[in-house]
Amino acid sequence: MDKLRLRFEKTGRAVYISHLDLMATMQRAFARAGLELKYSEGFNPHPLISILLPLSVGTASRCELMDFRLREDAELSTLPERLTAVLPEGIRVLEAYESERKSALLKWLEIEGTLEYDHGAPEIGQLEAFFNQGEIVIEKKTKRGIGQADIRPAIRSIRFEPAGEDIRLHAVISAQEPTLNPDLLPSALRQLCPDLAPDFAEFTRLETYDAGMRIYR
Amino acid sequence: MDKRLKRILPRVQKPARYTGGEYNQILKNRDEVELRLAFCFPDTYEIGMSNLGLSILYHTMNSLDFVWCERVFAPWGDMYDEMKQAGIPLYALESGDPVSEFDSVAFSIGYEMAYTTVLDMLDMAGIPLRSEDRPNLLPLIWAGGTAGVNAEPMAPFMDLFVIGEGEEMNNELLTLLRQAKREGWSKRDFLRAAAQIGGVYVPSLYEVSYLEDGNIASVTPKDGAPEKVTKRIISNLDAVPFPTSPIVPSTEVVHDRVSLELFRGCVRGCRFCQAGHVYRPIRAKKKETLVRQGIEALKNTGYQELTLLSLSTSDYRELPALCDGLLEYCEERSIGLSLPSLRADNFSMEIMQRLQKVRKSGLTFAVEGGSQRLRDCINKNVTEEDLLHTCSIAFAGGWNNVKLYYMLGLPTETDEDILGIAEMANQVLHCWRLNAKNKNRGVKITVSTSCFIPKPHSPFQWEAQISLEEYMRRVNLLRGAITAKNVVYNWHDAQTSLIEAVLSKGDRRVADAIELVFRRGGRLDAWTDYFSFERWMQAFSDCGIDPAFYANREIPTDAVLPWDHIDVGVRKAHLLRERERAYRAELSPDCRKQCSACGAAKLLTEGRCDG
């Protein structure tokens, strides 16, 4: 079976599993579930699996997508249960289905985050004003060294609300072309407006959308 | 998860090794168990999670429903600094709870260079280092592992040691500890009772006195502790539990595969080898057991590789049939089967060729000595003819990478023996020229030497280690003799070997230096990143300890050895006899040809030695 897609959660302790380690973890989980992945041909065969949007270590997700192929037919509706039973704590398969949609069509990501302030949180309005500026040019590490980038176009919408001592963030950001790592949001504050910068921030991916803000599967 | 921990994890390398949560981890309800055990491995997660002994004992101890045994590893430097800075104490992976809250802390100590890390882990847990500074029964701090065959350098820190194989002994100990906890025994009463369990060594129940010349005068047991502590073994390996659902790490570890243990012990009797003597008698698992356990473990882990472990794989009697049984399952699933520790003989090559159809990476031979005379002296039964014959098959079969391992400083070694190493490398090169199918691919022959370390309970336990200067002289002699372009020579630094010799053969007085090294920042000493020779030498000097007394001195055979009260089965008389034969360069037949009556068979409660 080709062109299969898995939607899964990666939360709790599993957020510290790196992208590369996750590939090995998935491969082993399929083997434990008795599902044989298709392998590439050639001298060094590897399973044909690919994760659409690599997730950075420390970020949780409720909407991870992974493409895979199976050597034999399987009842797709049984996969979530079979796989979740043999995955490490924190990884839960939500859905397995056939998908023809190209990964390039995935455009927006809905995220939420918690900004932790050890010495009192700023006003919501200040944060909103900062992120609603015309441009937010920050220094960014790239392959070629430190570069400048305006992250504003990659933020479709962003809002904040108090959450006890902390502040909850809710945003829709660009998933690809350009990719916005959510960690750059607090990083922008640290660079341009240190008074508003949190002491720690953590994020969760909630949902994937196409360019027209329709849910992407 | 602890909020402070959450903040530092994104900053450290490979954080998944500090979180737990892996597949097949054992979770229990902390309120429903009577004993919480922190099972500590004094090295990194990647090393510890590759250790089969740890995996076995994690499962056997957790098979007791009143015990929850959790894993604890030593953090790497970046995590260590972050934890110290954030004030996070050492915690266990399964629950995330601080080790200080546990009823007991057990260490698996496989090698001496881990000693400072043991102290570091106790300290990170906020537990006083010395047994005498812990007046209460709980937490009970104990240790096992190969380093226990001479427990003396760590004796002041541990409440007790378990000597030998732990599958049964540990559970007996934990059962007694439960009773003691329930009934509120004093630590003293518990230790006296524990000393009656076979294999349990309670150092505080042994009085050590010294002679003026530095040797030990006597070791006197008290309070009913046995004169000698006899190593525990499992007589029937087919009947003992083996974890077929081991934890599958979510991040890469050193040995990321299913490991099957073929047998314990070794029939070869190499005279420098501690493992070959302290793991006796020889007990094999049935091939049916192994095939069943192997397939079960592959199914339960999803691993794509299986490896067969033992001290000498070729000596497993049913190896061909075992490989057939496993390959039947593995081949159609593209699961790789690897066989380390093969001997350089025909039969091994046949198996190798069958297993490694695609990858022909490298062949490694532990030749140990540069001349036949020296190899006879150490009872390493490898001839140049065997080696060259195996190499010729390998080169003809497409291999083009050979590693040759030697030790420098073996008893009776001469310069001629050392030059023999270079000569043998040339012979291997010549062999390649004669046999290689495709010479365009070239050949790489790597010669490696390390410094011989005399080890307790081996026939060479009385021997002196050569000095650092002498080791370097021998290295340079060999360097000068290796001229061929295709032969690369690597020598291991002997500084670690000297420290390891002191810690291996040390007595209780060495403990002060270990503590001082730790106090001055020593930890993870098995890693060159952290090892500091100067720190060790300074600590020895500050504690009035002469490292040469332990490492570079030949011990008189009538001296009381620090480990004499630990009985591993093999008799001292056997070791002495083997040593004498060494000096006559006389081989001893392997156990299969002729039993040497080493004494280890007396440990068996059923069956017979498979030697």
# chains A, B, ... in the order shown; residues from 1 in each chain; ligands from 1
>>> residues_around(residues="Gln274 in chain B", least_positions_apart="3", cutoff="9 Å", atoms="only C-alpha atoms", output="compact mmCIF listing (two decimals) with N, CA and C atoms, in the first residue's frame")
# COMPACT_ATOMS: atom_id res chain seq x y z
N CYS B 270 42.97 -17.72 29.20
CA CYS B 270 44.06 -16.78 28.93
C CYS B 270 44.52 -16.22 30.28
N ARG B 271 45.83 -16.20 30.49
CA ARG B 271 46.30 -15.97 31.86
C ARG B 271 46.23 -14.52 32.31
N HIS B 277 38.31 -15.88 34.11
CA HIS B 277 38.40 -16.64 35.36
C HIS B 277 37.25 -16.36 36.31
N VAL B 278 36.82 -15.09 36.40
CA VAL B 278 35.82 -14.78 37.43
C VAL B 278 34.39 -15.16 37.01
N TYR B 279 34.17 -15.44 35.73
CA TYR B 279 32.82 -15.83 35.31
C TYR B 279 32.64 -17.34 35.24
N PRO B 454 47.61 -5.95 35.33
CA PRO B 454 47.39 -7.18 36.09
C PRO B 454 46.09 -7.07 36.87
N LYS B 455 45.26 -8.11 36.81
CA LYS B 455 43.93 -8.04 37.42
C LYS B 455 43.73 -9.09 38.51
N PRO B 456 42.99 -8.75 39.55
CA PRO B 456 42.69 -9.70 40.62
C PRO B 456 42.02 -10.96 40.06
N HIS B 457 42.30 -12.08 40.70
CA HIS B 457 41.69 -13.37 40.36
C HIS B 457 42.11 -13.91 39.00
N SER B 458 43.17 -13.33 38.40
CA SER B 458 43.73 -13.92 37.19
C SER B 458 45.09 -14.48 37.57
N PRO B 459 45.64 -15.40 36.77
CA PRO B 459 46.96 -15.96 37.12
C PRO B 459 48.05 -14.89 37.20
N GLN B 461 47.74 -12.00 38.69
CA GLN B 461 47.38 -11.02 39.71
C GLN B 461 48.56 -10.54 40.55
>>> residues_around(residues="Ile138 in chain A", least_positions_apart="5", cutoff="9 Å", atoms="only C-alpha atoms", output="ChimeraX atom specification")
/A:147-151,184,187-188,191-192
>>> atom_distance(atom1="CA of Gly21 in chain B", atom2="CA of Val57 in chain A")
15.2 Å
>>> interface_residues(of="chain B", to="chain A", cutoff="10 Å", atoms="only C-alpha atoms", output="MDAnalysis selection string")
chainID B and resid 1 6:11 14:25 247:252 297:304 333:334 358:359
>>> residues_around(residues="range 534-544 of chain B", least_positions_apart="2", cutoff="7 Å", atoms="only C-alpha atoms", output="ChimeraX atom specification")
/B:512-513,516-517,532,546-547
>>> atom_distance(atom1="CA of Cys377 in chain B", atom2="CA of Arg581 in chain B")
7.4 Å
>>> residues_around(residues="range 316-330 of chain B", least_positions_apart="6", cutoff="7 Å", atoms="only C-alpha atoms", output="ChimeraX atom specification")
/B:262,287,291,336
>>> closest_residue(among="A:Ile158, A:Ile51, A:Ile91, A:Leu35", to="His19 in chain A", atoms="only C-alpha atoms")
A:Ile51
